[in-house]
Amino acid sequence: MTVRVVATVGHPVLREWAQPLDPDELHNPQTQSLIDDLIDTMRYYNGAGLASPQVMASKRIVVIEVKSNPRYPYKPDIPLTVLVNPELEPLTDETFANNEGCLSVPGFRGVTNRFVKIAVRALDRHGKLLERDVSGLSAVTFQHEVDHLNGTLFLDRVEDPTTFTTWEQFERFERDAFAARAARLVSRFGS
Ligand code: ZN
């Protein structure tokens, strides 16, 4: 298992437009090791996902997995998904006011507006085309991770700066109300 160092906000790599992969690069053992390390690092830190720039490799790769996540207990499970060169397209104008955090922004959370239904098109780690519609709270996770490939952090999407909280104060003052709203979204979409 290899857990890599996670870059935190202020590191320039988080602000770069990450490089697309030529599908042939997926045959390269170094690329496969990077994907394995992303998965190990995401699991080690209880992330719901991790994007390659967060481990200072500016490539268009994200990994996502939610399995009874203690950091985000209200998130429904998402099986392990590796996205290479992902493209997202909103399938609705409806958004959800999501209270989100990020391993690269330690300690802070804030409210962003995320589409509740998106189409995902990417390659998997073997170069096979992956097309999937994702909805509900899971769609939020995909949008957060793909933002990282374009140098965007959730901080940039917080429209009301008064929604910033530390994790401690989120737990104290906001968690119950947010968990109830999240549960309603999840029950509507089943994800
Ligand atoms: Zn993040």
# chains A, B, ... in the order shown; residues from 1 in each chain; ligands from 1
>>> residues_near_ligand(ligand="ligand 1", cutoff="9 Å", atoms="only C-alpha atoms and all ligand atoms", output="number ranges by chain")
A: 47-51, 54, 100-105, 141, 144-145, 147-148, 153-154
>>> write_last_selection(atoms="all heavy atoms", output="short mmCIF file (atom, residue, chain, number, x, y, z; two decimals), in the first residue's frame")
data_model
loop_
_atom_site.label_atom_id
_atom_site.label_comp_id
_atom_site.auth_asym_id
_atom_site.auth_seq_id
_atom_site.Cartn_x
_atom_site.Cartn_y
_atom_site.Cartn_z
N GLY A 47 -11.39 9.63 2.21
CA GLY A 47 -11.98 10.51 1.20
C GLY A 47 -13.10 9.77 0.48
O GLY A 47 -13.13 8.55 0.43
N ALA A 48 -14.04 10.56 -0.09
CA ALA A 48 -15.08 9.96 -0.94
C ALA A 48 -14.55 9.84 -2.36
O ALA A 48 -15.10 9.11 -3.18
CB ALA A 48 -16.33 10.83 -0.92
N GLY A 49 -13.49 10.58 -2.63
CA GLY A 49 -12.85 10.53 -3.94
C GLY A 49 -11.52 11.23 -3.83
O GLY A 49 -11.20 11.85 -2.80
N LEU A 50 -10.72 11.08 -4.87
CA LEU A 50 -9.43 11.77 -4.91
C LEU A 50 -9.06 11.98 -6.37
O LEU A 50 -9.28 11.10 -7.20
CB LEU A 50 -8.35 10.92 -4.21
CG LEU A 50 -7.05 11.64 -3.86
CD1 LEU A 50 -7.26 12.69 -2.76
CD2 LEU A 50 -5.99 10.63 -3.40
N ALA A 51 -8.54 13.16 -6.66
CA ALA A 51 -8.13 13.48 -8.02
C ALA A 51 -6.61 13.50 -8.08
O ALA A 51 -5.95 13.90 -7.11
CB ALA A 51 -8.70 14.84 -8.43
N GLN A 54 -4.30 16.13 -6.66
CA GLN A 54 -4.18 16.21 -5.20
C GLN A 54 -2.96 15.45 -4.68
O GLN A 54 -2.52 15.70 -3.56
CB GLN A 54 -5.45 15.68 -4.52
CG GLN A 54 -6.67 16.56 -4.76
CD GLN A 54 -7.89 16.02 -4.04
OE1 GLN A 54 -8.59 15.17 -4.57
NE2 GLN A 54 -8.12 16.48 -2.83
N GLU A 100 -19.88 20.85 1.65
CA GLU A 100 -18.81 19.92 1.30
C GLU A 100 -17.46 20.29 1.86
O GLU A 100 -17.21 21.44 2.24
CB GLU A 100 -18.75 19.69 -0.21
CG GLU A 100 -18.32 20.78 -1.12
CD GLU A 100 -18.68 20.42 -2.59
OE1 GLU A 100 -19.89 20.42 -2.94
OE2 GLU A 100 -17.77 20.19 -3.38
N GLY A 101 -16.62 19.28 1.93
CA GLY A 101 -15.25 19.43 2.39
C GLY A 101 -14.31 18.80 1.37
O GLY A 101 -14.75 18.27 0.36
N CYS A 102 -13.01 18.87 1.64
CA CYS A 102 -12.02 18.39 0.68
C CYS A 102 -10.75 18.05 1.43
O CYS A 102 -10.34 18.81 2.32
CB CYS A 102 -11.76 19.49 -0.34
SG CYS A 102 -10.49 19.08 -1.56
N LEU A 103 -10.10 16.94 1.05
CA LEU A 103 -8.85 16.57 1.72
C LEU A 103 -7.76 17.63 1.50
O LEU A 103 -6.84 17.74 2.30
CB LEU A 103 -8.35 15.21 1.21
CG LEU A 103 -9.21 14.00 1.58
CD1 LEU A 103 -8.64 12.74 0.94
CD2 LEU A 103 -9.30 13.82 3.10
N SER A 104 -7.90 18.41 0.43
CA SER A 104 -6.90 19.45 0.15
C SER A 104 -7.23 20.78 0.84
O SER A 104 -6.47 21.74 0.72
CB SER A 104 -6.79 19.68 -1.37
OG SER A 104 -6.22 18.54 -1.97
N VAL A 105 -8.36 20.82 1.52
CA VAL A 105 -8.75 22.03 2.28
C VAL A 105 -9.03 21.57 3.71
O VAL A 105 -10.18 21.52 4.15
CB VAL A 105 -9.99 22.71 1.66
CG1 VAL A 105 -10.29 24.04 2.37
CG2 VAL A 105 -9.79 22.96 0.16
N THR A 141 -20.49 14.27 -5.63
CA THR A 141 -19.13 13.76 -5.45
C THR A 141 -18.37 13.76 -6.78
O THR A 141 -17.22 14.19 -6.85
CB THR A 141 -19.19 12.33 -4.87
OG1 THR A 141 -19.93 12.36 -3.65
CG2 THR A 141 -17.81 11.77 -4.61
N HIS A 144 -17.39 17.35 -7.67
CA HIS A 144 -16.29 17.84 -6.84
C HIS A 144 -14.95 17.32 -7.37
O HIS A 144 -13.98 18.09 -7.51
CB HIS A 144 -16.50 17.40 -5.38
CG HIS A 144 -15.37 17.78 -4.47
ND1 HIS A 144 -15.47 18.77 -3.53
CD2 HIS A 144 -14.09 17.31 -4.38
CE1 HIS A 144 -14.32 18.89 -2.89
NE2 HIS A 144 -13.46 18.01 -3.40
N GLU A 145 -14.89 16.02 -7.67
CA GLU A 145 -13.61 15.43 -8.09
C GLU A 145 -13.19 15.93 -9.46
O GLU A 145 -12.01 16.24 -9.67
CB GLU A 145 -13.70 13.90 -8.07
CG GLU A 145 -13.95 13.29 -6.69
CD GLU A 145 -13.01 13.81 -5.61
OE1 GLU A 145 -11.87 14.18 -5.90
OE2 GLU A 145 -13.44 13.87 -4.44
N ASP A 147 -13.91 18.73 -10.86
CA ASP A 147 -13.46 20.12 -10.69
C ASP A 147 -11.95 20.19 -10.46
O ASP A 147 -11.28 21.11 -10.94
CB ASP A 147 -14.15 20.76 -9.48
CG ASP A 147 -15.39 21.57 -9.87
OD1 ASP A 147 -15.70 21.68 -11.07
OD2 ASP A 147 -16.04 22.10 -8.95
N HIS A 148 -11.41 19.24 -9.68
CA HIS A 148 -9.98 19.27 -9.37
C HIS A 148 -9.12 19.21 -10.64
O HIS A 148 -8.01 19.73 -10.67
CB HIS A 148 -9.60 18.07 -8.48
CG HIS A 148 -9.86 18.29 -7.02
ND1 HIS A 148 -9.23 19.26 -6.29
CD2 HIS A 148 -10.66 17.62 -6.14
CE1 HIS A 148 -9.63 19.19 -5.02
NE2 HIS A 148 -10.51 18.21 -4.91
N LEU A 153 -11.38 24.42 -6.88
CA LEU A 153 -11.63 23.85 -5.55
C LEU A 153 -13.04 24.23 -5.12
O LEU A 153 -13.60 25.22 -5.61
CB LEU A 153 -10.62 24.40 -4.55
CG LEU A 153 -9.16 24.05 -4.84
CD1 LEU A 153 -8.24 24.80 -3.88
CD2 LEU A 153 -8.92 22.55 -4.73
N PHE A 154 -13.60 23.47 -4.17
CA PHE A 154 -14.96 23.79 -3.73
C PHE A 154 -15.05 25.22 -3.19
O PHE A 154 -16.09 25.87 -3.28
CB PHE A 154 -15.49 22.75 -2.73
CG PHE A 154 -15.13 23.00 -1.29
CD1 PHE A 154 -15.90 23.86 -0.51
CD2 PHE A 154 -14.02 22.41 -0.71
CE1 PHE A 154 -15.57 24.11 0.83
CE2 PHE A 154 -13.68 22.65 0.60
CZ PHE A 154 -14.45 23.51 1.37
#
>>> select_by_dssp(residues="chain A", states="strand (DSSP E)", output="PyMOL selection string")
chain A and resi 49-51+61-66+78-90+95-101+108-115+117-123+129-135+165-166
>>> residues_around(residues="A:Gly190", least_positions_apart="6", cutoff="12 Å", atoms="only C-alpha atoms", output="list in words")
Lys75, Pro76, Asp77, Ile78, Val116, Lys117, Val134, Ser135, Gly136, Leu137, Ser138, Ala139, Ala182, Ala183 and Arg184 of chain A
>>> select_by_dssp(residues="stretch 87-159 of chain A", states="alpha helix (DSSP H)", output="list of chain:residue names")
A:Gly136, A:Leu137, A:Ser138, A:Ala139, A:Val140, A:Thr141, A:Phe142, A:Gln143, A:His144, A:Glu145, A:Val146, A:Asp147, A:His148, A:Leu149, A:Phe154, A:Leu155, A:Asp156, A:Arg157
>>> write_last_selection(atoms="N, CA and C atoms", output="mmCIF file, in the first residue's frame")
data_model
loop_
_atom_site.group_PDB
_atom_site.id
_atom_site.type_symbol
_atom_site.label_atom_id
_atom_site.label_comp_id
_atom_site.auth_asym_id
_atom_site.auth_seq_id
_atom_site.Cartn_x
_atom_site.Cartn_y
_atom_site.Cartn_z
ATOM 1 N N GLY A 136 -28.390 12.477 -7.596
ATOM 2 C CA GLY A 136 -28.440 12.617 -6.136
ATOM 3 C C GLY A 136 -27.115 13.057 -5.544
ATOM 4 N N LEU A 137 -26.863 12.611 -4.329
ATOM 5 C CA LEU A 137 -25.644 13.027 -3.630
ATOM 6 C C LEU A 137 -24.390 12.464 -4.306
ATOM 7 N N SER A 138 -24.544 11.342 -4.988
ATOM 8 C CA SER A 138 -23.386 10.765 -5.700
ATOM 9 C C SER A 138 -22.943 11.687 -6.831
ATOM 10 N N ALA A 139 -23.907 12.358 -7.494
ATOM 11 C CA ALA A 139 -23.555 13.285 -8.575
ATOM 12 C C ALA A 139 -22.690 14.425 -8.041
ATOM 13 N N VAL A 140 -22.953 14.835 -6.818
ATOM 14 C CA VAL A 140 -22.178 15.908 -6.176
ATOM 15 C C VAL A 140 -20.710 15.494 -6.046
ATOM 16 N N THR A 141 -20.494 14.268 -5.628
ATOM 17 C CA THR A 141 -19.127 13.758 -5.447
ATOM 18 C C THR A 141 -18.374 13.765 -6.776
ATOM 19 N N PHE A 142 -19.029 13.314 -7.834
ATOM 20 C CA PHE A 142 -18.376 13.304 -9.149
ATOM 21 C C PHE A 142 -18.000 14.734 -9.559
ATOM 22 N N GLN A 143 -18.898 15.691 -9.354
ATOM 23 C CA GLN A 143 -18.615 17.069 -9.757
ATOM 24 C C GLN A 143 -17.439 17.646 -8.961
ATOM 25 N N HIS A 144 -17.391 17.351 -7.666
ATOM 26 C CA HIS A 144 -16.288 17.844 -6.841
ATOM 27 C C HIS A 144 -14.948 17.320 -7.373
ATOM 28 N N GLU A 145 -14.892 16.024 -7.667
ATOM 29 C CA GLU A 145 -13.610 15.432 -8.087
ATOM 30 C C GLU A 145 -13.186 15.928 -9.460
ATOM 31 N N VAL A 146 -14.119 16.017 -10.398
ATOM 32 C CA VAL A 146 -13.743 16.454 -11.750
ATOM 33 C C VAL A 146 -13.333 17.924 -11.744
ATOM 34 N N ASP A 147 -13.907 18.728 -10.864
ATOM 35 C CA ASP A 147 -13.457 20.119 -10.693
ATOM 36 C C ASP A 147 -11.949 20.192 -10.457
ATOM 37 N N HIS A 148 -11.410 19.244 -9.683
ATOM 38 C CA HIS A 148 -9.976 19.266 -9.370
ATOM 39 C C HIS A 148 -9.123 19.208 -10.639
ATOM 40 N N LEU A 149 -9.638 18.565 -11.692
ATOM 41 C CA LEU A 149 -8.850 18.421 -12.925
ATOM 42 C C LEU A 149 -8.778 19.741 -13.686
ATOM 43 N N PHE A 154 -13.597 23.474 -4.173
ATOM 44 C CA PHE A 154 -14.963 23.786 -3.733
ATOM 45 C C PHE A 154 -15.050 25.219 -3.190
ATOM 46 N N LEU A 155 -13.930 25.712 -2.674
ATOM 47 C CA LEU A 155 -13.888 27.090 -2.145
ATOM 48 C C LEU A 155 -14.353 28.092 -3.193
ATOM 49 N N ASP A 156 -13.980 27.836 -4.449
ATOM 50 C CA ASP A 156 -14.308 28.768 -5.545
ATOM 51 C C ASP A 156 -15.811 28.777 -5.828
ATOM 52 N N ARG A 157 -16.495 27.734 -5.439
ATOM 53 C CA ARG A 157 -17.917 27.589 -5.768
ATOM 54 C C ARG A 157 -18.833 27.965 -4.600
#
>>> atom_distance(atom1="atom CA of A:Phe108", atom2="atom CA of A:Thr81")
25.5 Å
>>> closest_residue(among="A:Thr2, A:Asn46, A:Ser33, A:Asn28", to="A:Arg71", atoms="only C-alpha atoms")
A:Asn46
>>> closest_residue(among="A:Asp24, A:Arg109, A:Leu34, A:Arg125", to="A:Gln169", atoms="only C-alpha atoms")
A:Arg109
>>> atom_distance(atom1="atom CA of A:Gly127", atom2="atom CA of A:Gln30")
15.0 Å
>>> closest_residue(among="A:Leu14, A:Leu88, A:Pro106, A:Ala7", to="A:Thr166", atoms="only C-alpha atoms")
A:Pro106
>>> residues_around(residues="A:Arg15", least_positions_apart="3", cutoff="7 Å", atoms="only C-alpha atoms", output="ChimeraX atom specification")
/A:12,151-152
